[in-house]
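Since the structure comes first, as structure tokens, the remarks are kept for the end.
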Amino acid sequence: MDHNTDAGSPTTKHIFLDKESPSVWRALNGLGLKAREAADEAGISRALTELLNVRISQINGCAYCLNMHVADAIKKGESTQRLAVLSAWRDTALFTDKERAALALAESITTLPDAHTREREDAYARQHLNTAEYSAVSWLVITMNAFNRVSMTSQHPVRREAKDQAEPHKQPGPHEQPEPQKQPQG
């Protein structure tokens with residue numbers, strides 16, 4: 001079977017699931033709002049919620065959600081240092097026990113590892129999260145995974161920010177020679 005098609009054919013046009021089925025999209029958004037309410041009620045900060053959203057989106061490879069939630073995390077006060085090392089959080093001392101438990105639970109729910117690994121991660125999470133926190137984090141993760149899948153299936157585009165539209169000025173790296181300066185002619 002030949003999968004090469006013309007660019008204008010209906011099989012290559014992206015179908016934005018949120019636009020095609022808006023009532024289902026609204027229901028998913030409603031679930032997201034309820035998950036966030038549960039997190040608020042359990043005392044899970046919005047900063048931790050965004051940290052989880054970023055980590056889940058990293059695992060799933062959702063560029064659209066990463067773009068959105070990294071910006072949201074920064075707005076909620078997250079540091080660029082912690083965001084930069086988030087995929088290697090286990091190898092740093094930059095995260096609290098509660099954050100580490102939430103991240104471990106998020107990774108386990110997202111990747112669905114073997115039963116032994118899930119039990120180990122679940123036990124770790126339960127040491128540092130109370131029942132309400134554990135439930136809220138779980139719902140946040142389940143919901144974010146759904147949002148990732150909608151965006152990835154729809155192939156939602158990441159658009160360049162206005163300030164990035166112009167070609168960035170490139171400084172020479174440590175192993176590059178600077179371009180020669182033109183001498184004014186006079």
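Here's how to read the names in the structure tokens: chain A, B, ... by the order shown, residue numbers from 1 in each chain, ligand numbers from 1 in the order shown.
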
Shell around A:Ser138 at 12 Å using only C-alpha atoms, local window under 4 positions removed, as number ranges by chain: A: 32, 35-36, 38-39, 42, 44, 49, 52-53, 56, 101-110, 122, 125-126, 129, 131-134, 142-145

Could you dump the residues just selected with N, CA and C atoms as a JSON list (two decimals), in the first residue's frame?
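Resulting contents of part16.json:
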```json
[["chain", "number", "residue", "atom", "x", "y", "z"],
["A", 32, "GLY", "N", -10.55, 18.34, 33.08],
["A", 32, "GLY", "CA", -9.33, 19.04, 33.48],
["A", 32, "GLY", "C", -9.57, 20.04, 34.59],
["A", 35, "ALA", "N", -10.14, 18.14, 37.82],
["A", 35, "ALA", "CA", -8.86, 17.61, 38.33],
["A", 35, "ALA", "C", -8.07, 18.73, 39.01],
["A", 36, "ARG", "N", -8.10, 19.93, 38.41],
["A", 36, "ARG", "CA", -7.39, 21.05, 39.01],
["A", 36, "ARG", "C", -8.06, 21.48, 40.31],
["A", 38, "ALA", "N", -9.64, 19.47, 42.37],
["A", 38, "ALA", "CA", -9.23, 18.46, 43.35],
["A", 38, "ALA", "C", -7.81, 18.73, 43.83],
["A", 39, "ALA", "N", -6.94, 19.14, 42.91],
["A", 39, "ALA", "CA", -5.56, 19.45, 43.28],
["A", 39, "ALA", "C", -5.51, 20.66, 44.21],
["A", 42, "ALA", "N", -6.64, 19.65, 47.59],
["A", 42, "ALA", "CA", -5.67, 18.79, 48.26],
["A", 42, "ALA", "C", -4.39, 19.55, 48.63],
["A", 44, "ILE", "N", -2.25, 20.90, 46.39],
["A", 44, "ILE", "CA", -1.22, 20.78, 45.35],
["A", 44, "ILE", "C", -1.12, 22.15, 44.68],
["A", 49, "THR", "N", 1.53, 21.56, 39.72],
["A", 49, "THR", "CA", 0.66, 21.08, 38.64],
["A", 49, "THR", "C", 1.33, 21.32, 37.29],
["A", 52, "LEU", "N", 4.24, 18.97, 36.69],
["A", 52, "LEU", "CA", 3.74, 17.67, 36.26],
["A", 52, "LEU", "C", 3.32, 17.71, 34.79],
["A", 53, "ASN", "N", 2.62, 18.77, 34.40],
["A", 53, "ASN", "CA", 2.20, 18.89, 33.00],
["A", 53, "ASN", "C", 3.39, 18.88, 32.05],
["A", 56, "ILE", "N", 4.98, 15.20, 32.03],
["A", 56, "ILE", "CA", 4.14, 14.28, 31.28],
["A", 56, "ILE", "C", 4.28, 14.55, 29.78],
["A", 101, "ALA", "N", 7.76, 12.63, 44.77],
["A", 101, "ALA", "CA", 6.70, 11.61, 44.84],
["A", 101, "ALA", "C", 5.68, 11.83, 43.72],
["A", 102, "ALA", "N", 5.29, 13.08, 43.52],
["A", 102, "ALA", "CA", 4.33, 13.40, 42.46],
["A", 102, "ALA", "C", 4.92, 13.09, 41.09],
["A", 103, "LEU", "N", 6.19, 13.41, 40.88],
["A", 103, "LEU", "CA", 6.84, 13.12, 39.59],
["A", 103, "LEU", "C", 6.96, 11.61, 39.37],
["A", 104, "ALA", "N", 7.29, 10.86, 40.42],
["A", 104, "ALA", "CA", 7.39, 9.40, 40.29],
["A", 104, "ALA", "C", 6.02, 8.82, 39.93],
["A", 105, "LEU", "N", 4.98, 9.29, 40.60],
["A", 105, "LEU", "CA", 3.64, 8.81, 40.31],
["A", 105, "LEU", "C", 3.23, 9.19, 38.88],
["A", 106, "ALA", "N", 3.54, 10.41, 38.48],
["A", 106, "ALA", "CA", 3.22, 10.87, 37.13],
["A", 106, "ALA", "C", 3.91, 10.00, 36.07],
["A", 107, "GLU", "N", 5.17, 9.70, 36.29],
["A", 107, "GLU", "CA", 5.89, 8.87, 35.32],
["A", 107, "GLU", "C", 5.32, 7.46, 35.27],
["A", 108, "SER", "N", 4.96, 6.92, 36.41],
["A", 108, "SER", "CA", 4.41, 5.57, 36.46],
["A", 108, "SER", "C", 3.06, 5.49, 35.75],
["A", 109, "ILE", "N", 2.20, 6.46, 36.00],
["A", 109, "ILE", "CA", 0.88, 6.46, 35.36],
["A", 109, "ILE", "C", 1.03, 6.69, 33.85],
["A", 110, "THR", "N", 1.97, 7.53, 33.47],
["A", 110, "THR", "CA", 2.15, 7.86, 32.05],
["A", 110, "THR", "C", 2.77, 6.71, 31.26],
["A", 122, "ASP", "N", 4.37, 3.46, 43.37],
["A", 122, "ASP", "CA", 3.16, 3.74, 44.13],
["A", 122, "ASP", "C", 3.48, 3.82, 45.63],
["A", 125, "ALA", "N", 5.29, 7.06, 46.32],
["A", 125, "ALA", "CA", 4.37, 8.19, 46.28],
["A", 125, "ALA", "C", 3.52, 8.25, 47.55],
["A", 126, "ARG", "N", 3.06, 7.10, 48.03],
["A", 126, "ARG", "CA", 2.22, 7.06, 49.22],
["A", 126, "ARG", "C", 2.97, 7.45, 50.50],
["A", 129, "LEU", "N", 2.78, 11.50, 49.87],
["A", 129, "LEU", "CA", 1.52, 12.15, 49.51],
["A", 129, "LEU", "C", 0.40, 11.55, 50.35],
["A", 131, "THR", "N", -3.72, 10.79, 51.00],
["A", 131, "THR", "CA", -4.70, 10.19, 50.09],
["A", 131, "THR", "C", -5.26, 11.21, 49.12],
["A", 132, "ALA", "N", -5.62, 12.40, 49.61],
["A", 132, "ALA", "CA", -6.17, 13.44, 48.74],
["A", 132, "ALA", "C", -5.14, 13.90, 47.70],
["A", 133, "GLU", "N", -3.89, 14.07, 48.13],
["A", 133, "GLU", "CA", -2.84, 14.48, 47.21],
["A", 133, "GLU", "C", -2.58, 13.41, 46.15],
["A", 134, "TYR", "N", -2.52, 12.16, 46.59],
["A", 134, "TYR", "CA", -2.30, 11.04, 45.68],
["A", 134, "TYR", "C", -3.40, 10.98, 44.62],
["A", 142, "ILE", "N", -3.69, 11.68, 34.61],
["A", 142, "ILE", "CA", -4.59, 11.03, 33.67],
["A", 142, "ILE", "C", -5.15, 12.05, 32.67],
["A", 143, "THR", "N", -5.54, 13.20, 33.18],
["A", 143, "THR", "CA", -6.10, 14.25, 32.33],
["A", 143, "THR", "C", -5.05, 14.82, 31.39],
["A", 144, "MET", "N", -3.84, 15.09, 31.89],
["A", 144, "MET", "CA", -2.80, 15.64, 31.03],
["A", 144, "MET", "C", -2.42, 14.66, 29.93],
["A", 145, "ASN", "N", -2.39, 13.38, 30.25],
["A", 145, "ASN", "CA", -2.12, 12.38, 29.23],
["A", 145, "ASN", "C", -3.18, 12.44, 28.13]]
```

Point-to-point distance in Å for atom CA of A:Lys34 and atom CA of A:Ile15: 26.7 Å

Residues of chain A in alpha helix (DSSP H), written as a count of residues only: 111

Shell around A:His156 at 10 Å using only C-alpha atoms, local window under 5 positions removed, as number ranges by chain: A: 14-18, 62-65, 150-151

Output of the above residues as a PDB file, in the first residue's frame, restricted to C-alpha atoms:
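And here's out_1.pdb as it stands now:
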```
ATOM      1  CA  HIS A  14      -4.839  17.433   9.914  1.00  0.00           C
ATOM      2  CA  ILE A  15      -8.059  16.810  11.774  1.00  0.00           C
ATOM      3  CA  PHE A  16      -8.191  18.927  14.908  1.00  0.00           C
ATOM      4  CA  LEU A  17     -10.181  16.693  17.225  1.00  0.00           C
ATOM      5  CA  ASP A  18     -11.116  19.628  19.449  1.00  0.00           C
ATOM      6  CA  CYS A  62       3.878  16.594  22.891  1.00  0.00           C
ATOM      7  CA  ALA A  63       5.491  19.753  21.512  1.00  0.00           C
ATOM      8  CA  TYR A  64       2.284  21.799  21.657  1.00  0.00           C
ATOM      9  CA  CYS A  65       1.691  21.002  25.347  1.00  0.00           C
ATOM     10  CA  VAL A 150      -5.561  14.986  21.614  1.00  0.00           C
ATOM     11  CA  SER A 151      -2.842  17.482  20.662  1.00  0.00           C
TER      12      SER A 151
END
```

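Minimum atom-to-atom distances from A:Lys19, A:His69, A:Lys163, A:Lys76 to A:Arg46 were compared using only C-alpha atoms, and the lowest value belongs to A:Lys76.
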
Selected residue of minimal separation from A:Arg26 among A:Phe147, A:Glu161, A:Ala115, A:Val54, counting only C-alpha atoms: A:Phe147

Distance criterion (only C-alpha atoms): nearest to A:Glu41 out of A:Val70, A:Thr96, A:Val137, A:Glu78: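 Using only C-alpha atoms, A:Glu41 sits closest to A:Val137.
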